[in-house]
$ cat entry25.cif   # mmCIF, C-alpha atoms and all ligand atoms
data_upload
loop_
_atom_site.label_atom_id
_atom_site.label_comp_id
_atom_site.auth_asym_id
_atom_site.auth_seq_id
_atom_site.Cartn_x
_atom_site.Cartn_y
_atom_site.Cartn_z
CA MET B 7 168.01 -57.14 99.45
CA LYS B 8 171.05 -56.28 97.33
CA VAL B 9 172.61 -52.89 97.97
CA LEU B 10 175.39 -50.94 96.25
CA VAL B 11 177.18 -48.12 98.05
CA THR B 12 179.10 -46.03 95.53
CA TYR B 13 180.87 -42.75 95.98
CA TYR B 14 183.20 -40.19 94.52
CA THR B 15 185.76 -38.58 96.80
CA GLN B 16 188.73 -36.25 96.42
CA THR B 17 190.09 -36.04 99.94
CA GLY B 18 188.45 -39.02 101.65
CA ASN B 19 185.56 -37.44 103.57
CA THR B 20 182.82 -38.90 101.42
CA GLU B 21 184.55 -42.28 101.50
CA LYS B 22 184.37 -42.24 105.31
CA ILE B 23 180.62 -41.71 105.14
CA ALA B 24 180.32 -44.39 102.45
CA ARG B 25 182.12 -46.86 104.77
CA ALA B 26 179.85 -45.95 107.69
CA ILE B 27 176.80 -46.54 105.48
CA TYR B 28 178.24 -49.83 104.26
CA ASP B 29 179.11 -50.94 107.79
CA GLY B 30 175.61 -50.02 108.96
CA LEU B 31 173.97 -52.32 106.41
CA THR B 32 172.94 -55.86 107.32
CA VAL B 33 172.01 -56.96 103.79
CA ASP B 34 173.86 -58.31 100.71
CA LYS B 35 176.13 -55.31 100.12
CA THR B 36 178.90 -53.99 97.88
CA ILE B 37 180.97 -50.81 98.18
CA LEU B 38 182.78 -49.34 95.17
CA PRO B 39 184.20 -45.99 94.08
CA ALA B 40 182.09 -44.64 91.18
CA ALA B 41 184.94 -45.20 88.73
CA GLU B 42 184.97 -48.93 89.52
CA VAL B 43 181.27 -49.60 89.04
CA LYS B 44 181.14 -51.78 85.94
CA ASN B 45 177.54 -52.96 86.18
CA GLN B 46 174.87 -50.87 87.83
CA ASN B 47 172.09 -53.36 87.26
CA GLY B 48 170.60 -55.83 89.70
CA TYR B 49 170.64 -53.75 92.88
CA ASP B 50 167.52 -53.12 94.94
CA LEU B 51 168.99 -49.93 96.33
CA VAL B 52 171.96 -47.77 95.33
CA PHE B 53 173.55 -45.23 97.68
CA CYS B 54 175.30 -42.48 95.69
CA GLY B 55 177.73 -40.26 97.58
CA PHE B 56 179.65 -37.16 96.53
CA PRO B 57 181.39 -34.06 97.85
CA VAL B 58 179.41 -30.90 97.17
CA GLN B 59 181.48 -28.98 94.62
CA ALA B 60 180.48 -25.52 93.43
CA HIS B 61 177.00 -26.16 94.95
CA SER B 62 176.50 -29.13 92.68
CA VAL B 63 177.26 -32.79 92.01
CA PRO B 64 180.76 -33.53 90.61
CA ALA B 65 180.63 -34.80 87.03
CA LYS B 66 181.92 -38.26 87.93
CA MET B 67 178.94 -38.93 90.19
CA ALA B 68 176.50 -37.09 87.93
CA GLU B 69 177.36 -39.50 85.10
CA LEU B 70 176.77 -42.52 87.30
CA ILE B 71 173.39 -41.24 88.51
CA LYS B 72 172.31 -40.55 84.94
CA GLY B 73 173.26 -44.09 83.93
CA LEU B 74 171.22 -45.90 86.60
CA PRO B 75 168.39 -48.08 85.30
CA LYS B 76 164.89 -46.55 85.23
CA GLY B 77 162.92 -47.18 88.41
CA GLN B 78 166.13 -47.72 90.44
CA LYS B 79 165.73 -46.92 94.13
CA VAL B 80 168.47 -44.50 95.17
CA ALA B 81 169.60 -42.67 98.29
CA PHE B 82 171.97 -39.72 98.11
CA PHE B 83 174.66 -38.76 100.58
CA ALA B 84 177.10 -35.90 100.47
CA THR B 85 179.76 -34.12 102.47
CA HIS B 86 180.17 -30.37 102.31
CA GLY B 87 182.07 -27.52 103.88
CA SER B 88 178.98 -25.41 104.50
CA LEU B 89 176.83 -25.73 107.58
CA ARG B 90 174.23 -28.46 107.45
CA GLY B 91 171.05 -27.33 105.78
CA GLY B 92 172.92 -24.48 104.10
CA GLN B 93 172.01 -23.17 100.70
CA LEU B 94 174.94 -24.73 98.80
CA PRO B 95 174.36 -28.32 99.99
CA ARG B 96 170.62 -27.88 99.42
CA GLN B 97 171.31 -26.83 95.84
CA ALA B 98 173.58 -29.84 95.35
CA PHE B 99 170.88 -32.24 96.52
CA GLU B 100 168.42 -30.50 94.19
CA SER B 101 170.91 -31.05 91.35
CA ALA B 102 171.14 -34.73 92.27
CA GLU B 103 167.34 -34.96 92.19
CA GLY B 104 167.35 -33.28 88.78
CA LEU B 105 169.74 -35.93 87.47
CA ALA B 106 167.65 -38.77 88.87
CA ILE B 107 164.97 -38.70 86.17
CA GLY B 108 162.89 -41.87 86.38
CA LEU B 109 164.61 -43.03 89.58
CA ARG B 110 162.95 -43.51 92.95
CA ILE B 111 164.63 -41.33 95.54
CA MET B 112 164.41 -42.82 99.02
CA GLY B 113 166.15 -40.01 100.88
CA GLN B 114 169.32 -38.02 101.41
CA PHE B 115 171.95 -37.45 104.06
CA GLY B 116 174.49 -34.68 104.28
CA CYS B 117 177.16 -33.79 106.78
CA ARG B 118 180.13 -31.49 106.90
CA GLY B 119 183.56 -32.52 105.60
CA LYS B 120 186.90 -30.84 106.16
CA VAL B 121 187.77 -28.58 103.25
CA ASP B 122 191.23 -28.80 101.74
CA PRO B 123 193.22 -26.00 103.50
CA LYS B 124 194.66 -24.91 100.14
CA VAL B 125 191.12 -24.23 98.92
CA ILE B 126 190.29 -22.28 102.09
CA ASP B 127 193.49 -20.20 101.82
CA ALA B 128 192.81 -19.36 98.18
CA LEU B 129 189.20 -18.37 98.86
CA MET B 130 190.12 -16.25 101.89
CA LYS B 131 191.93 -13.94 99.46
CA LYS B 132 188.82 -13.44 97.32
CA PRO B 133 186.40 -10.88 98.74
CA ASP B 134 183.40 -12.69 97.24
CA HIS B 135 184.32 -15.98 98.88
CA LYS B 136 185.84 -14.92 102.20
CA VAL B 137 182.64 -15.36 104.21
CA TRP B 138 182.11 -18.86 102.88
CA ALA B 139 185.78 -19.76 103.50
CA GLU B 140 185.41 -18.70 107.14
CA GLU B 141 182.28 -20.81 107.52
CA ALA B 142 183.90 -23.76 105.77
CA ARG B 143 186.84 -23.72 108.17
CA GLY B 144 184.39 -24.86 110.82
CA ALA B 145 184.18 -28.23 109.08
CA ASP B 146 187.74 -29.08 110.14
CA GLY B 147 186.82 -31.93 112.49
CA ASN B 148 184.26 -33.54 110.18
CA PRO B 149 183.12 -36.08 109.46
CA ASP B 150 183.22 -36.93 113.18
CA ALA B 151 181.98 -39.91 115.19
CA ALA B 152 178.47 -38.45 115.44
CA ASP B 153 178.35 -38.01 111.63
CA LEU B 154 179.40 -41.63 111.10
CA LYS B 155 176.77 -42.87 113.54
CA GLU B 156 174.07 -40.84 111.81
CA ALA B 157 175.20 -42.17 108.43
CA ALA B 158 174.80 -45.75 109.68
CA GLU B 159 171.31 -44.91 110.97
CA PHE B 160 170.48 -43.31 107.63
CA ALA B 161 171.60 -46.52 105.89
CA GLN B 162 169.19 -48.63 107.91
CA ALA B 163 166.33 -46.18 107.47
CA MET B 164 166.80 -46.20 103.69
CA VAL B 165 166.82 -50.00 103.55
CA GLY B 166 163.63 -50.05 105.64
CA LYS B 167 162.03 -47.65 103.19
CA ALA B 168 163.21 -49.54 100.13
CA TYR B 169 161.67 -52.89 101.21
C1 LIG B 201 186.64 -27.45 94.22
C2 LIG B 201 185.82 -27.56 95.48
C3 LIG B 201 184.54 -26.99 95.52
C4 LIG B 201 183.77 -27.07 96.67
N1 LIG B 201 182.51 -26.50 96.67
C5 LIG B 201 181.75 -26.56 97.80
C6 LIG B 201 180.43 -25.98 97.85
O1 LIG B 201 179.93 -25.40 96.89
N2 LIG B 201 179.73 -26.09 98.99
C7 LIG B 201 180.22 -26.72 100.10
O2 LIG B 201 179.54 -26.76 101.12
N3 LIG B 201 181.46 -27.29 100.10
C8 LIG B 201 182.22 -27.23 98.98
N4 LIG B 201 183.47 -27.82 98.96
C9 LIG B 201 183.93 -28.57 100.13
C10 LIG B 201 183.76 -30.09 99.95
O3 LIG B 201 182.47 -30.40 99.55
C11 LIG B 201 184.05 -30.82 101.29
O4 LIG B 201 185.31 -30.50 101.80
C12 LIG B 201 183.90 -32.33 101.11
O5 LIG B 201 183.79 -32.94 102.37
C13 LIG B 201 185.08 -32.96 100.37
O6 LIG B 201 184.79 -34.33 100.24
P1 LIG B 201 185.87 -35.42 99.80
O7 LIG B 201 186.91 -35.48 100.88
O8 LIG B 201 185.06 -36.67 99.72
O9 LIG B 201 186.43 -35.02 98.49
C14 LIG B 201 184.27 -27.74 97.82
C15 LIG B 201 185.55 -28.31 97.76
C16 LIG B 201 186.32 -28.22 96.63
C17 LIG B 201 187.70 -28.82 96.62
#
$ encode --input "entry25.cif" --output "structure tokens"
Amino acid sequence: MKVLVTYYTQTGNTEKIARAIYDGLTVDKTILPAAEVKNQNGYDLVFCGFPVQAHSVPAKMAELIKGLPKGQKVAFFATHGSLRGGQLPRQAFESAEGLAIGLRIMGQFGCRGKVDPKVIDALMKKPDHKVWAEEARGADGNPDAADLKEAAEFAQAMVGKAY
């Protein structure tokens, strides 16, 4: 089985999860930032990772997902400031599914990721965003060791499903 782990990251959280997924794999594997993926063909499974941004998938990862060959097996992973299972990450995974027309989605994994303090400070000043900013502050220690372990388990589960 040939597996690609690709990701987009701004502050490194999603890259940490990508590495944990990669390290958890015991197959023929490659890890690349989305911008460095030159050929998306020939993989049995592609893990696509992104930070949730404005409850959606950042354009750089959206483009990659849209360019995957028809029938490609994919697994999504994301980091986000919101609590796990929250509305914003759920919407982002729904967006990813919407981009994956003709692809075979094996599963998804999300965990919290520390939000840039500058973003938190700016949002704290906006009445509409203050509540979210307070929630997002709680992601300060993530991803943590438990997140990385779960990501590695997710990696193996997805490979098992893709066989
Ligand atoms: C511009 C911007 C928008 C964001 N929007 C959301 C959001 O809608 N929901 C959420 O849970 N987190 C949001 N976040 C937090 C990031 O998803 C989170 O910090 C993530 O772990 C960053 O990953 P990275 O280090 O790989 O870039 C946002 C962060 C930024 C900078």
$ atom_distance --input "entry25.cif" --atom1 "CA of Thr17 in chain B" --atom2 "CA of Pro133 in chain B"
25.5 Å
$ closest_residue --input "entry25.cif" --among "B:Gln78, B:Asn148, B:Thr15, B:Gln46" --to "ligand LIG 201 (chain B)" --atoms "only C-alpha atoms and all ligand atoms"
B:Thr15
$ atom_distance --input "entry25.cif" --atom1 "CA of Thr12 in chain B" --atom2 "CA of Pro149 in chain B"
17.6 Å
$ residues_around --input "entry25.cif" --residues "Ala84 in chain B" --least-positions-apart "6" --cutoff "8 Å" --atoms "all atoms listed in the file" --output "list in words"
Thr20, Gly55, Phe56, Pro57, Val58, Phe115, Gly116 and Cys117 of chain B
$ atom_distance --input "entry25.cif" --atom1 "atom C5 of ligand LIG 201 (chain B)" --atom2 "CA of Pro95 in chain B"
7.9 Å
$ residues_near_ligand --input "entry25.cif" --ligand "ligand LIG 201 (chain B)" --cutoff "10 Å" --atoms "all atoms listed in the file" --output "PyMOL selection string"
chain B and resi 13-24+55-64+84-98+116-126+138-139+141-143+145-146+148-149
$ closest_residue --input "entry25.cif" --among "B:Gly48, B:Ile37, B:Gly108, B:Ala102" --to "Met67 in chain B" --atoms "all atoms listed in the file"
B:Ala102
$ residues_around --input "entry25.cif" --residues "range 154-160 of chain B" --least-positions-apart "2" --cutoff "9 Å" --atoms "only C-alpha atoms" --output "count of residues only"
24
$ closest_residue --input "entry25.cif" --among "B:Val33, B:Ala168, B:Ala81, B:Val52" --to "Phe99 in chain B" --atoms "only C-alpha atoms"
B:Ala81
$ axis_aligned_box --input "entry25.cif" --around "range 105-120 of chain B" --padding-each-side "5 Å" --output "JSON"
{"center_x": 174.9, "center_y": -37.2, "center_z": 96.5, "size_x": 34.0, "size_y": 22.7, "size_z": 30.7}
$ closest_residue --input "entry25.cif" --among "B:Leu129, B:Leu51, B:Leu105, B:Leu38" --to "Ala65 in chain B" --atoms "all atoms listed in the file"
B:Leu105
$ closest_residue --input "entry25.cif" --among "B:Val137, B:Leu74, B:Ala128, B:Met7" --to "Leu109 in chain B" --atoms "only C-alpha atoms"
B:Leu74
$ closest_residue --input "entry25.cif" --among "B:Ile71, B:Lys131, B:Ala40, B:Lys136" --to "Ile111 in chain B" --atoms "only C-alpha atoms"
B:Ile71
$ decode --input "entry25.cif" --residues "range 60-96 of chain B" --atoms "C-alpha atoms" --output "PDB file, in the first residue's frame"
ATOM      1  CA  ALA B  60     -13.356  30.523   9.013  1.00  0.00           C
ATOM      2  CA  HIS B  61     -15.208  27.188   9.507  1.00  0.00           C
ATOM      3  CA  SER B  62     -13.878  25.900   6.214  1.00  0.00           C
ATOM      4  CA  VAL B  63     -10.941  24.387   4.339  1.00  0.00           C
ATOM      5  CA  PRO B  64      -8.129  26.833   3.422  1.00  0.00           C
ATOM      6  CA  ALA B  65      -7.873  27.389  -0.334  1.00  0.00           C
ATOM      7  CA  LYS B  66      -4.466  25.726  -0.615  1.00  0.00           C
ATOM      8  CA  MET B  67      -5.831  22.406   0.627  1.00  0.00           C
ATOM      9  CA  ALA B  68      -9.161  22.832  -1.154  1.00  0.00           C
ATOM     10  CA  GLU B  69      -7.317  23.032  -4.484  1.00  0.00           C
ATOM     11  CA  LEU B  70      -5.373  19.869  -3.763  1.00  0.00           C
ATOM     12  CA  ILE B  71      -8.506  17.922  -2.786  1.00  0.00           C
ATOM     13  CA  LYS B  72     -10.271  19.062  -5.952  1.00  0.00           C
ATOM     14  CA  GLY B  73      -7.324  17.888  -8.060  1.00  0.00           C
ATOM     15  CA  LEU B  74      -7.181  14.324  -6.709  1.00  0.00           C
ATOM     16  CA  PRO B  75      -7.928  11.584  -9.233  1.00  0.00           C
ATOM     17  CA  LYS B  76     -11.489  10.222  -9.345  1.00  0.00           C
ATOM     18  CA  GLY B  77     -12.022   7.234  -7.070  1.00  0.00           C
ATOM     19  CA  GLN B  78      -9.048   8.232  -4.857  1.00  0.00           C
ATOM     20  CA  LYS B  79      -9.347   6.991  -1.282  1.00  0.00           C
ATOM     21  CA  VAL B  80      -8.862   9.921   1.085  1.00  0.00           C
ATOM     22  CA  ALA B  81      -8.840  10.570   4.815  1.00  0.00           C
ATOM     23  CA  PHE B  82      -9.164  14.071   6.225  1.00  0.00           C
ATOM     24  CA  PHE B  83      -7.522  15.478   9.318  1.00  0.00           C
ATOM     25  CA  ALA B  84      -7.725  18.952  10.764  1.00  0.00           C
ATOM     26  CA  THR B  85      -6.722  21.040  13.742  1.00  0.00           C
ATOM     27  CA  HIS B  86      -8.994  23.726  15.111  1.00  0.00           C
ATOM     28  CA  GLY B  87      -9.337  26.155  17.982  1.00  0.00           C
ATOM     29  CA  SER B  88     -12.904  25.147  18.789  1.00  0.00           C
ATOM     30  CA  LEU B  89     -13.786  22.278  21.067  1.00  0.00           C
ATOM     31  CA  ARG B  90     -13.830  18.883  19.422  1.00  0.00           C
ATOM     32  CA  GLY B  91     -17.131  18.126  17.769  1.00  0.00           C
ATOM     33  CA  GLY B  92     -17.957  21.838  17.695  1.00  0.00           C
ATOM     34  CA  GLN B  93     -19.997  23.406  14.952  1.00  0.00           C
ATOM     35  CA  LEU B  94     -17.098  25.153  13.162  1.00  0.00           C
ATOM     36  CA  PRO B  95     -14.909  22.047  12.752  1.00  0.00           C
ATOM     37  CA  ARG B  96     -17.984  20.042  11.725  1.00  0.00           C
TER      38      ARG B  96
END
